[in-house]
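Here the structure is laid out as structure tokens; the discussion comes afterwards.
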Number of protein chains: 2
Amino acid sequence: MFKKVSIIGFGLIGSSIAREIRKYKLSKIISACDISQSAQKIIKSLRLVNEVTSDVKTSVKNADLVFICSPLSTYKQIFLAINKSANKDVIITDVGSSKLNVVQLAEKILSKNLCFVPGHPIAGTEESGPKSGFLSLFKNRWFIITPSKLTKKIQKIKIEKIWKKFGSKVTSMSAQSHDNIMAITSHIPHLIAYNIVGTASKLEEKIKSEVIKFSASGFRDFTRIASSDPTMWRDIVISNKKQILFMLKKFNKDLKNLEMAIRNENKNKLFTIFKNTRNIRKKIIQTGQDTKVPNFGRKN
Amino acid sequence: MFKKVSIIGFGLIGSSIAREIRKYKLSKIISACDISQSAQKIIKSLRLVNEVTSDVKTSVKNADLVFICSPLSTYKQIFLAINKSANKDVIITDVGSSKLNVVQLAEKILSKNLCFVPGHPIAGTEESGPKSGFLSLFKNRWFIITPSKLTKKIQKIKIEKIWKKFGSKVTSMSAQSHDNIMAITSHIPHLIAYNIVGTASKLEEKIKSEVIKFSASGFRDFTRIASSDPTMWRDIVISNKKQILFMLKKFNKDLKNLEMAIRNENKNKLFTIFKNTRNIRKKIIQTGQDTKVPNFGRKN
């Protein structure tokens, strides 16, 4: 049981963490820190936390656990505020989607006597803001810890226990491995989705309204991902730039190859490309990473 | 009420049509035609139809309504068989995902005294085969008619009535417009999905298993679409090649632009690109073309 948990950035993930902490009574006090005034109003109305503030120093004061759940571009200022105001025995953790940059920044900026356990829950929806969070968001999902030089063993175990309490499966890997994997499983899919929805949104008005009308033919799947929080995604692609550009190169090479097969009406090649991708879906369903119900269970 | 309906190609769409025809008692006899022996066995066990055959001529004999629901590459042989065996007063219709090629082929090959009403239901799932069909697949979805020179008005109205009975909204447009719209709403999304899943499946074994494990971060959405029937999609991309290559050019140009913004860490540009795509999602939900529940309503 903690005395005070500070949650910095109270959106989908931050507010879901608060809900879990309340449910399992993991802390006497929960402090929510968010710079958005409209978010602060909503947070107060939700009655999930004991303190609502826009000031990181106020929120982390006397906290023994800090979750950083804000966009990656805010980390530097948050680390500096933590240095000034936090207790020395505090456990600092985060949920950022890119890790090597975060680890390097923490090692550079955070006071050497502080403990930081970098983490990333592989969970979320396309929604954002304090209202979008919910209990069970992390259930059966992975939580990845990417230890840094500031990660102490006992505190790492404490963070693992918390996420297991939330229902997550916990694993550890290097920040570099995390960023490699996320480039292909998350960052490129989001980029591609943003890009195709962007291409469609630049078509003439007449065809654009038809795109919406007939979106059930595939397009609508992409619009879900492409409606994720723009600030968060701006920061992610900059933070994991190197890996993303590397994977994008592979993607572009494959797309050129596919384009050539279409141009040449190469039936065998097209059939092989379209057939080989079925196996991955099967494995994803087998391992419980997606529903087996057709159309994700959508009714139409 | 029809005397005999012939359904050629008894997969997801064909078998769903059979289910609707039975439900609304639209025909005395339903004949299913499928070249796959394993499909034929399943069709017999489903007890949805009165006749199961691999021969198009047998199936269309004495039919007053024919639904072509097989891959586009089979159309030529089917049209030739219809010429030989069908009654003159038969209504021929189809559900192919590409229309200009189909219209041109029909006008070239089908006997001039036959009536053909080209159509396309904007409905489906990632599954295929006779078992994957179900009642209500077409409910609240669009059915597009793209009239050809062989489309007679009275028969077009009959086809419209049938699809309205199935619960669809019916609209008409030129085959060319249909193909333009489908290139961006369906064909490019499928290609992109196939491509990214393909890129992932070519990674080294170690990272590939991690991709499956952490696929809930975006990637799994793409694997659904990329598990669609490979034969069908091979034929679609060849059939609508011109429009697809045209849209792919736009997509590639936008992706280059996005890549450059990442390379230059152009925060404003990235934020604008990621923000503008939210509106299309909102409109798709407003017009009832997708569920508003986060994560498509998936539980995790």
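Chain labels follow the order of the structure tokens: the first chain is A, the next B, and so on; residue numbering restarts at 1 in every chain, and ligands are counted from 1 in their shown order.
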(message) Can you tell me which residues surround Ile184 of chain A at a distance of at most 7 Å, considering only C-alpha atoms, apart from same-chain residues fewer than 3 positions away, and format the answer as an NGL selection string?
(response) (:A and (181 or 187-188 or 247)) or (:B and (200))
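All residues within segment 126-172 of chain A that the backbone DSSP calculation assigns to strand (DSSP E or B) are Trp142, Phe143, Ile144, Ile145, Lys169, Val170, Thr171 and Ser172 of chain A.
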(message) Can you tell me which residues surround Ala106 of chain A at a distance of at most 10 Å, considering only C-alpha atoms, apart from same-chain residues fewer than 4 positions away, and format the answer as number ranges by chain?
(response) A: 75-76, 79-80, 100-102, 110-112, 114-118, 148-150
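Closest approach to chain B among A:Ile154, A:Ile162, A:Ile42, A:Leu137 is made by A:Leu137 (distances from only C-alpha atoms).
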(request) Up to 6 Å from chain B, what residues of chain A turn up? Count only C-alpha atoms and give them as a ChimeraX atom specification. (result) /A:122,125,185-186,189,197-199,211-212,215,217-219,223,227,230,234,238,251,265,270-271,274-275,277-278,281,284,294-295
(request) Would you list the contacts of Ala81 of chain B as a PyMOL selection string, taking every protein, DNA or RNA residue within 10 Å and counting only C-alpha atoms, but skipping same-chain residues closer than 6 positions in sequence? (result) chain B and resi 55-61+75+110
Take the residues just selected and output them with C-alpha atoms as a short mmCIF file (atom, residue, chain, number, x, y, z; two decimals), in the first residue's frame.
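Result file selection-v3.cif:
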```
data_model
loop_
_atom_site.label_atom_id
_atom_site.label_comp_id
_atom_site.auth_asym_id
_atom_site.auth_seq_id
_atom_site.Cartn_x
_atom_site.Cartn_y
_atom_site.Cartn_z
CA ASP B 55 -21.22 -27.40 -63.59
CA VAL B 56 -22.41 -23.88 -64.41
CA LYS B 57 -24.55 -25.08 -67.33
CA THR B 58 -26.44 -27.48 -65.06
CA SER B 59 -26.94 -24.83 -62.39
CA VAL B 60 -28.25 -22.08 -64.71
CA LYS B 61 -30.49 -24.45 -66.71
CA TYR B 75 -16.54 -14.69 -65.12
CA LEU B 110 -22.93 -12.41 -73.07
#
```
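Atom CA of Ile68 of chain B to atom CA of Phe246 of chain B spans 27.9 Å [interatomic distance, one decimal].
For the residues A:Leu48, A:Ser6, A:Ser168, A:Ile17, ranking by smallest atom-to-atom distance to Ile78 of chain A using only C-alpha atoms places A:Ser6 first.
Across the structure, atom CA of Ser73 of chain B and atom CA of Ser174 of chain B are spaced 21.3 Å apart.
Proximity to Lys131 of chain A at 9 Å, evaluated using only C-alpha atoms and with sequence-adjacent residues fewer than 3 positions away removed, yields Gly11, Leu12, Ser15, Ala39, Ile42, Ile43, Leu46, Ser128 and Phe134 of chain A.
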Would you output that residue set with N, CA and C atoms, as a PDB file, in the first residue's frame?
```pdb
ATOM      1  N   GLY A  11      -5.112  10.927 -18.962  1.00  0.00           N
ATOM      2  CA  GLY A  11      -5.927  10.591 -20.133  1.00  0.00           C
ATOM      3  C   GLY A  11      -6.428   9.164 -20.061  1.00  0.00           C
ATOM      4  N   LEU A  12      -6.484   8.512 -21.213  1.00  0.00           N
ATOM      5  CA  LEU A  12      -6.967   7.130 -21.289  1.00  0.00           C
ATOM      6  C   LEU A  12      -6.211   6.215 -20.329  1.00  0.00           C
ATOM      7  N   SER A  15      -6.019   7.701 -16.391  1.00  0.00           N
ATOM      8  CA  SER A  15      -7.275   7.576 -15.652  1.00  0.00           C
ATOM      9  C   SER A  15      -7.659   6.114 -15.441  1.00  0.00           C
ATOM     10  N   ALA A  39      -9.670  19.198 -18.901  1.00  0.00           N
ATOM     11  CA  ALA A  39      -9.456  17.870 -18.321  1.00  0.00           C
ATOM     12  C   ALA A  39      -9.582  17.933 -16.796  1.00  0.00           C
ATOM     13  N   ILE A  42     -13.125  17.830 -15.700  1.00  0.00           N
ATOM     14  CA  ILE A  42     -13.692  16.476 -15.853  1.00  0.00           C
ATOM     15  C   ILE A  42     -13.164  15.559 -14.750  1.00  0.00           C
ATOM     16  N   ILE A  43     -11.858  15.655 -14.471  1.00  0.00           N
ATOM     17  CA  ILE A  43     -11.255  14.791 -13.440  1.00  0.00           C
ATOM     18  C   ILE A  43     -11.957  15.023 -12.096  1.00  0.00           C
ATOM     19  N   LEU A  46     -15.265  13.367 -11.971  1.00  0.00           N
ATOM     20  CA  LEU A  46     -15.221  11.896 -11.943  1.00  0.00           C
ATOM     21  C   LEU A  46     -15.040  11.349 -10.521  1.00  0.00           C
ATOM     22  N   SER A 128      -9.289   9.275 -26.158  1.00  0.00           N
ATOM     23  CA  SER A 128      -8.366   9.931 -25.244  1.00  0.00           C
ATOM     24  C   SER A 128      -9.125  10.797 -24.246  1.00  0.00           C
ATOM     25  N   PHE A 134     -10.993   3.137 -18.356  1.00  0.00           N
ATOM     26  CA  PHE A 134     -11.929   2.189 -17.733  1.00  0.00           C
ATOM     27  C   PHE A 134     -11.176   1.051 -17.056  1.00  0.00           C
TER      28      PHE A 134
END
```
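Within segment 26-90 of chain A, the backbone-based DSSP assignment of alpha helix (DSSP H) covers Gln37, Ser38, Ala39, Gln40, Lys41, Ile42, Ile43, Lys44, Ser45, Leu46, Val56, Lys57, Thr58, Ser59, Val60, Tyr75, Lys76, Gln77, Ile78, Phe79, Leu80, Ala81, Ile82, Asn83, Lys84 and Ser85 of chain A.
Taking atom CA of Pro130 of chain A and atom CA of Lys88 of chain A as the two end points, the separation is 29.1 Å.
Neighbouring residues of Asn62 of chain A at 12 Å or closer, counting only C-alpha atoms and skipping chain neighbours under 3 positions away, are A:Phe2, A:Lys3, A:Lys4, A:Val5, A:Ser6, A:Ile29, A:Ile30, A:Ser31, A:Val56, A:Lys57, A:Thr58, A:Ser59, A:Leu65, A:Val66, A:Ile82, A:Lys84, A:Ser85, A:Ala86, A:Asn87, A:Lys88, A:Asp89, A:Val90, A:Ile91.
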(request) Would you please work out which residue, of B:Ile35, B:Leu72, B:Ala175, B:Ile157, is nearest to Gly96 of chain B when using only C-alpha atoms? (result) B:Leu72
